[in-house]
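J.: The file below is upload.txt, compact mmCIF, C-alpha atoms:
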```txt
# COMPACT_ATOMS: atom_id res chain seq x y z
CA MET A 235 -7.53 -22.14 4.43
CA SER A 236 -10.90 -20.35 4.39
CA ASP A 237 -11.57 -18.05 1.44
CA PRO A 238 -10.24 -14.51 1.93
CA VAL A 239 -12.90 -11.87 2.52
CA VAL A 240 -12.75 -9.50 -0.46
CA LEU A 241 -14.49 -6.19 0.14
CA PRO A 242 -16.93 -5.02 -2.57
CA ILE A 243 -15.21 -1.73 -3.34
CA LYS A 244 -13.83 -0.87 -6.78
CA SER A 245 -11.89 2.39 -6.38
CA VAL A 246 -9.26 0.85 -4.08
CA ARG A 247 -6.99 -2.01 -5.16
CA ASN A 248 -6.71 -5.28 -3.26
CA PRO A 249 -9.36 -4.59 -0.57
CA ARG A 250 -9.71 -7.32 2.05
CA ASP A 251 -10.92 -8.09 5.55
CA ILE A 252 -8.39 -10.47 7.15
CA GLY A 253 -11.00 -11.85 9.53
CA GLY A 254 -12.25 -15.42 9.40
CA TYR A 255 -8.97 -17.28 9.69
CA THR A 256 -8.48 -19.72 12.57
CA GLY A 257 -6.08 -18.39 15.19
CA LEU A 258 -4.83 -19.29 18.65
CA LEU A 259 -6.67 -22.18 20.37
CA GLY A 260 -9.06 -22.47 17.44
CA ARG A 261 -10.45 -18.95 17.91
CA LYS A 262 -11.40 -17.16 14.68
CA VAL A 263 -10.00 -13.76 13.76
CA LYS A 264 -12.87 -11.28 14.04
CA LYS A 265 -14.32 -9.73 10.90
CA HIS A 266 -15.04 -6.00 10.54
CA ARG A 267 -11.87 -5.24 12.54
CA LEU A 268 -8.73 -5.57 10.37
CA LEU A 269 -8.75 -4.37 6.76
CA ARG A 270 -5.92 -4.33 4.21
CA THR A 271 -5.90 -2.45 0.91
CA GLY A 272 -3.85 -0.59 -1.66
CA ASN A 273 -3.69 3.14 -2.35
CA MET A 274 -6.66 5.05 -0.89
CA SER A 275 -6.10 8.35 -2.71
CA LYS A 276 -8.72 7.77 -5.41
CA ILE A 277 -11.49 6.30 -3.27
CA VAL A 278 -14.99 7.36 -4.38
CA PRO A 279 -17.75 8.51 -2.00
CA SER A 280 -19.77 5.30 -2.28
CA ASP A 281 -16.75 3.22 -1.27
CA GLU A 282 -15.98 5.63 1.58
CA GLN A 283 -19.53 5.17 2.84
CA PHE A 284 -19.24 1.40 2.60
CA LEU A 285 -16.11 1.45 4.78
CA VAL A 286 -17.69 3.80 7.33
CA ASP A 287 -20.74 1.55 7.50
CA TYR A 288 -18.40 -1.44 7.80
CA GLY A 289 -17.00 0.09 10.99
CA LEU A 290 -13.89 1.96 9.83
CA LYS A 291 -12.36 4.02 12.63
CA GLN A 292 -8.71 4.51 11.65
CA ILE A 293 -6.43 4.35 8.60
CA ILE A 294 -2.71 3.58 8.79
CA ASP A 295 -0.68 4.63 5.74
CA LEU A 296 2.51 2.57 5.27
CA ARG A 297 3.75 4.51 2.25
CA SER A 298 6.82 6.74 2.08
CA PRO A 299 6.48 10.50 2.62
CA ALA A 300 7.03 11.13 -1.12
CA GLU A 301 4.20 8.74 -2.06
CA CYS A 302 1.88 10.34 0.47
CA LYS A 303 2.68 13.82 -0.83
CA GLN A 304 2.10 12.81 -4.45
CA ASN A 305 -1.12 10.85 -3.81
CA PRO A 306 -2.44 11.77 -0.35
CA ASP A 307 -5.17 9.75 1.30
CA GLN A 308 -8.53 11.46 1.19
CA ALA A 309 -9.82 12.50 4.59
CA ILE A 310 -12.88 10.54 5.69
CA ALA A 311 -15.09 12.22 8.27
CA GLY A 312 -14.81 10.64 11.70
CA VAL A 313 -11.88 8.41 10.72
CA LYS A 314 -8.46 8.92 12.31
CA HIS A 315 -5.41 8.83 10.04
CA TYR A 316 -1.82 7.86 10.85
CA SER A 317 1.39 7.74 8.82
CA CYS A 318 3.70 4.79 9.56
CA PRO A 319 6.14 4.57 6.62
CA LEU A 320 8.19 1.38 6.40
CA SER A 321 10.76 3.34 4.42
CA VAL A 322 11.57 7.05 4.15
CA GLU A 323 12.68 6.51 0.56
CA ASP A 324 10.29 6.44 -2.39
CA ASN A 325 11.19 3.23 -4.21
CA THR A 326 7.96 2.83 -6.16
CA GLY A 327 8.83 5.21 -9.01
CA GLY A 328 6.65 7.92 -10.43
CA ASN A 329 6.45 9.85 -7.16
CA GLY A 330 9.46 12.10 -7.31
CA LEU A 331 12.20 9.50 -7.66
CA ASP A 332 14.26 9.42 -10.84
CA MET A 333 13.95 5.81 -11.98
CA GLN A 334 15.76 6.13 -15.31
CA LYS A 335 18.78 4.14 -14.14
CA GLU A 336 16.54 1.36 -12.83
CA PHE A 337 14.37 1.40 -15.96
CA ALA A 338 17.46 1.06 -18.15
CA GLU A 339 18.48 -1.98 -16.12
CA TYR A 340 14.98 -3.46 -16.46
CA ARG A 341 15.29 -3.18 -20.24
CA ARG A 342 18.58 -5.09 -20.14
CA ASP A 343 17.96 -7.73 -17.48
CA GLN A 344 14.62 -9.47 -17.01
CA TYR A 345 15.60 -10.57 -13.49
CA ALA A 346 16.58 -7.11 -12.18
CA GLY A 347 13.13 -6.47 -10.70
CA PHE A 348 13.10 -9.82 -8.93
CA ARG A 349 16.46 -9.12 -7.25
CA MET A 350 15.32 -5.63 -6.28
CA MET A 351 12.15 -6.98 -4.66
CA CYS A 352 14.14 -9.52 -2.66
CA ARG A 353 16.42 -6.71 -1.43
CA ARG A 354 13.40 -4.64 -0.48
CA TYR A 355 11.88 -7.44 1.62
CA HIS A 356 15.28 -8.09 3.21
CA ASN A 357 15.65 -4.41 4.13
CA HIS A 358 12.13 -4.07 5.52
CA ILE A 359 13.02 -6.73 8.08
CA LEU A 360 16.35 -5.20 9.06
CA THR A 361 15.96 -1.41 9.03
CA GLU A 362 15.12 0.48 12.21
CA THR A 363 12.60 2.64 10.34
CA ALA A 364 10.57 -0.40 9.33
CA GLN A 365 10.91 -2.04 12.75
CA HIS A 366 9.66 1.11 14.51
CA SER A 367 6.75 1.36 12.09
CA PHE A 368 5.80 -2.29 12.60
CA HIS A 369 5.69 -1.61 16.34
CA HIS A 370 3.65 1.58 15.91
CA VAL A 371 1.11 -0.17 13.67
CA ILE A 372 0.57 -2.94 16.23
CA GLU A 373 0.25 -0.34 19.01
CA LEU A 374 -2.40 1.59 17.08
CA ILE A 375 -4.32 -1.60 16.36
CA ALA A 376 -4.11 -2.61 20.02
CA GLN A 377 -5.61 0.73 21.08
CA GLU A 378 -8.76 0.33 18.93
CA ASP A 379 -11.49 -1.25 21.04
CA ASP A 380 -14.33 -2.03 18.67
CA GLY A 381 -14.02 -0.40 15.23
CA ALA A 382 -12.09 -1.38 12.13
CA THR A 383 -8.51 -0.43 11.32
CA LEU A 384 -7.49 -0.21 7.67
CA TYR A 385 -3.79 -0.30 6.80
CA HIS A 386 -2.44 0.14 3.31
CA CYS A 387 0.49 0.88 1.03
CA SER A 388 0.44 1.45 -2.75
CA GLU A 389 -0.79 -1.85 -4.16
CA GLY A 390 -1.62 -3.49 -0.83
CA LYS A 391 0.74 -6.41 -1.35
CA ASP A 392 4.31 -5.91 -0.04
CA ARG A 393 4.43 -3.53 2.92
CA THR A 394 0.79 -4.30 3.68
CA GLY A 395 1.63 -7.97 3.24
CA LEU A 396 4.43 -7.86 5.81
CA VAL A 397 2.25 -6.10 8.38
CA THR A 398 -0.37 -8.80 7.79
CA VAL A 399 2.21 -11.54 8.30
CA ILE A 400 3.19 -10.12 11.69
CA LEU A 401 -0.39 -9.44 12.74
CA LEU A 402 -1.77 -12.85 11.78
CA TYR A 403 1.23 -14.59 13.34
CA ILE A 404 0.58 -12.82 16.65
CA LEU A 405 -3.05 -13.93 16.39
CA GLY A 406 -1.88 -17.54 16.06
CA VAL A 407 -2.82 -18.18 12.43
CA ASP A 408 -0.89 -21.04 10.82
CA LEU A 409 2.09 -19.80 8.82
CA GLU A 410 1.01 -21.66 5.67
CA VAL A 411 -2.39 -19.95 5.86
CA ILE A 412 -0.59 -16.62 6.27
CA ARG A 413 1.47 -17.43 3.16
CA GLN A 414 -1.63 -18.21 1.13
CA ASP A 415 -3.30 -14.99 2.25
CA TYR A 416 -0.17 -13.10 1.17
CA LEU A 417 -0.15 -14.79 -2.26
CA TYR A 418 -3.83 -13.98 -2.83
CA SER A 419 -2.79 -10.46 -3.82
CA ASN A 420 -1.69 -11.89 -7.17
CA TYR A 421 -5.26 -12.87 -8.01
CA LEU A 422 -6.73 -9.52 -6.97
CA LEU A 423 -4.10 -7.57 -8.95
CA ASN A 424 -4.43 -9.54 -12.21
CA ASP A 425 -6.44 -6.84 -14.00
CA TYR A 426 -4.15 -4.10 -12.70
CA ARG A 427 -1.05 -5.86 -14.03
CA ALA A 428 -2.70 -6.62 -17.38
CA SER A 429 -3.80 -3.01 -17.87
CA ARG A 430 -0.38 -1.67 -16.93
CA ASP A 431 1.31 -4.16 -19.27
CA GLN A 432 -0.79 -2.92 -22.20
CA GLN A 433 0.30 0.63 -21.42
CA PHE A 434 3.95 -0.41 -21.47
CA LYS A 435 3.44 -2.33 -24.71
CA LYS A 436 1.86 0.71 -26.40
CA ALA A 437 4.77 2.81 -25.15
CA GLY A 438 7.16 0.47 -26.99
CA GLU A 439 8.82 -1.11 -23.96
CA ASN A 440 10.64 -4.36 -24.64
CA ASP A 441 9.80 -7.81 -23.28
CA ARG A 442 12.42 -7.67 -20.52
CA PHE A 443 11.06 -4.39 -19.19
CA ARG A 444 7.50 -5.70 -19.26
CA ALA A 445 8.57 -8.90 -17.49
CA ASN A 446 10.14 -6.81 -14.72
CA MET A 447 7.00 -4.71 -14.37
CA ARG A 448 4.91 -7.86 -13.94
CA VAL A 449 7.27 -8.97 -11.17
CA LEU A 450 7.06 -5.58 -9.49
CA GLY A 451 3.26 -5.78 -9.59
CA SER A 452 3.17 -9.26 -8.04
CA VAL A 453 3.93 -11.15 -4.85
CA ALA A 454 5.92 -14.38 -4.77
CA ASN A 455 6.89 -17.21 -2.46
CA ALA A 456 10.48 -16.07 -2.92
CA PHE A 457 9.71 -12.64 -1.44
CA PHE A 458 7.83 -14.16 1.50
CA ASP A 459 10.69 -16.61 2.07
CA THR A 460 13.28 -13.82 1.85
CA SER A 461 11.62 -12.15 4.82
CA LEU A 462 11.41 -15.35 6.89
CA ILE A 463 14.98 -16.37 6.09
CA THR A 464 16.23 -12.87 6.97
CA VAL A 465 14.38 -13.08 10.29
CA ASN A 466 15.67 -16.56 11.11
CA GLU A 467 19.29 -15.89 10.11
CA ASN A 468 19.52 -12.56 11.96
CA TYR A 469 17.18 -13.01 14.94
CA GLY A 470 16.68 -16.75 15.38
CA SER A 471 12.90 -16.91 14.93
CA LEU A 472 9.85 -14.83 14.16
CA ASP A 473 8.86 -14.98 17.84
CA SER A 474 12.21 -13.55 18.86
CA TYR A 475 12.04 -10.87 16.16
CA ILE A 476 8.58 -9.73 17.26
CA VAL A 477 9.51 -9.52 20.96
CA ASN A 478 13.12 -8.33 20.84
CA GLU A 479 13.37 -6.24 17.66
CA LEU A 480 9.82 -4.94 17.26
CA ALA A 481 9.36 -4.54 21.04
CA ILE A 482 5.95 -6.18 20.87
CA ASP A 483 6.00 -7.89 24.26
CA GLN A 484 3.72 -10.65 25.48
CA ASP A 485 1.32 -8.20 27.13
CA LEU A 486 0.84 -6.29 23.88
CA GLN A 487 0.43 -9.53 21.96
CA GLU A 488 -2.19 -10.72 24.45
CA THR A 489 -4.06 -7.43 24.08
CA ILE A 490 -4.19 -7.97 20.31
CA ARG A 491 -5.47 -11.53 20.78
CA GLU A 492 -8.16 -10.55 23.25
CA LYS A 493 -9.45 -7.76 21.05
CA TYR A 494 -9.23 -9.46 17.65
CA LEU A 495 -9.98 -13.14 18.28
CA GLU A 496 -13.49 -14.42 18.85
CA LYS A 497 -14.17 -15.84 22.31
```
Rewrite the coordinates I just gave you, this time as structure tokens.

T.:
Amino acid sequence: MSDPVVLPIKSVRNPRDIGGYTGLLGRKVKKHRLLRTGNMSKIVPSDEQFLVDYGLKQIIDLRSPAECKQNPDQAIAGVKHYSCPLSVEDNTGGNGLDMQKEFAEYRRDQYAGFRMMCRRYHNHILTETAQHSFHHVIELIAQEDDGATLYHCSEGKDRTGLVTVILLYILGVDLEVIRQDYLYSNYLLNDYRASRDQQFKKAGENDRFRANMRVLGSVANAFFDTSLITVNENYGSLDSYIVNELAIDQDLQETIREKYLEK
């Protein structure tokens, strides 16, 4: 696997260009075309300018309506913006959802967060809302001729990670390379998790709660595998899921390949 392209911006978590990987027939995924990040609501002007200079033409927000309302993306002049929530429910906490019941469970059971994350990945594969959003994201990307598309969620790891899995798979990138790209979020979110953990420690949270919060701020092979197993057990294969459930037919896939793979 080639090294991921980390963008030099500091006000947005987990910023990457997914170009550079080897795709179908040995063709490389183009750079300056497909960008993945976390929350964009606190982006500073210098980072905005970097993205505009980098070729940014459209932003796709994968977050729930409640998250978008609480922390809306900042408008960037000349950049189109689309909302494609994978879930209508706010399950991140802190954005209008009462998480006291979940937090109480996290203080009792150190594995509660792990089970919840597995359920979340399972549901993102199965729900019609997520499936329609996956399709819409791919359509929007297919319509962009030469500029860069940036798609993001809150931390740029789970919902953004699943979109990246589907996109890179369509582009013919090896599944193990896709897995390693997905897991790279852990490295880029190390400081974020450490800072958040210190806040929880100062607030007097117990070790079980803090362990759950580290899980919720991470990606894992188990989450990735939950998605693939859910696909295979319910739809037979990722190819079948993409064509039959996401309605991304061969013509649309070929459009993506022609626009986003080097010649």

J.: With distances taken over all atoms listed in the file, which residue among A:Cys318, A:Ala346, A:Leu405, A:Ala338 lies nearest A:Asn440?

T.: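 That would be A:Ala338, the residue with the smallest distance to A:Asn440.
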
J.: Pick out the closest residue to A:Arg491 from this set: A:Gln344, A:Thr256, A:Asn357, A:Thr271. Count all atoms listed in the file.

T.: A:Thr256

J.: Find the residues of stretch 334-427 of chain A that sit at most 8 Å from stretch 484-490 of chain A; for each, write down the nearest two atoms and how far apart they are in Å, to one decimal. Count only C-alpha atoms. Sort by chain, then by number going up, and give it as a Markdown table.

T.:
```
| residue | atom | partner | partner_atom | distance |
| --- | --- | --- | --- | --- |
| A:Glu373 | CA | A:Leu486 | CA | 7.7 |
| A:Ile375 | CA | A:Ile490 | CA | 7.5 |
| A:Ala376 | CA | A:Ile490 | CA | 5.4 |
| A:Ile404 | CA | A:Gln487 | CA | 6.2 |
| A:Leu405 | CA | A:Ile490 | CA | 7.2 |
```

J.: Which value, in Å to one decimal, gives the distance between atom CA of A:Ser367 and atom CA of A:Lys497?

T.: 28.9 Å

J.: Counting all atoms listed in the file, figure out which residue out of A:Leu296, A:Leu360, A:Val240, A:Val263 gets nearest to A:Ser419.

T.: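 Counting all atoms listed in the file, the residue closest to A:Ser419 is A:Val240.
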
J.: Atom CA of A:Arg267 and atom CA of A:Val246 are how many Å apart?

T.: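 Distance between the two atoms: 17.9 Å.
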
J.: Rank A:Ser317, A:Thr398, A:Gln432, A:Gln334 by their smallest atom-to-atom distance to A:Cys302, using all atoms listed in the file, and report the top residue only.

T.: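 Looking only at the distances to A:Cys302, the closest residue turns out to be A:Ser317.
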
J.: Just the number, please: distance in Å from atom CA of A:Asp392 to atom CA of A:Pro279, one decimal.

T.: 26.4 Å

J.: Considering all atoms listed in the file, can you say which of A:Asp415, A:Ile293, A:Tyr316, A:Ile359 comes closest to A:Tyr469?

T.: A:Ile359
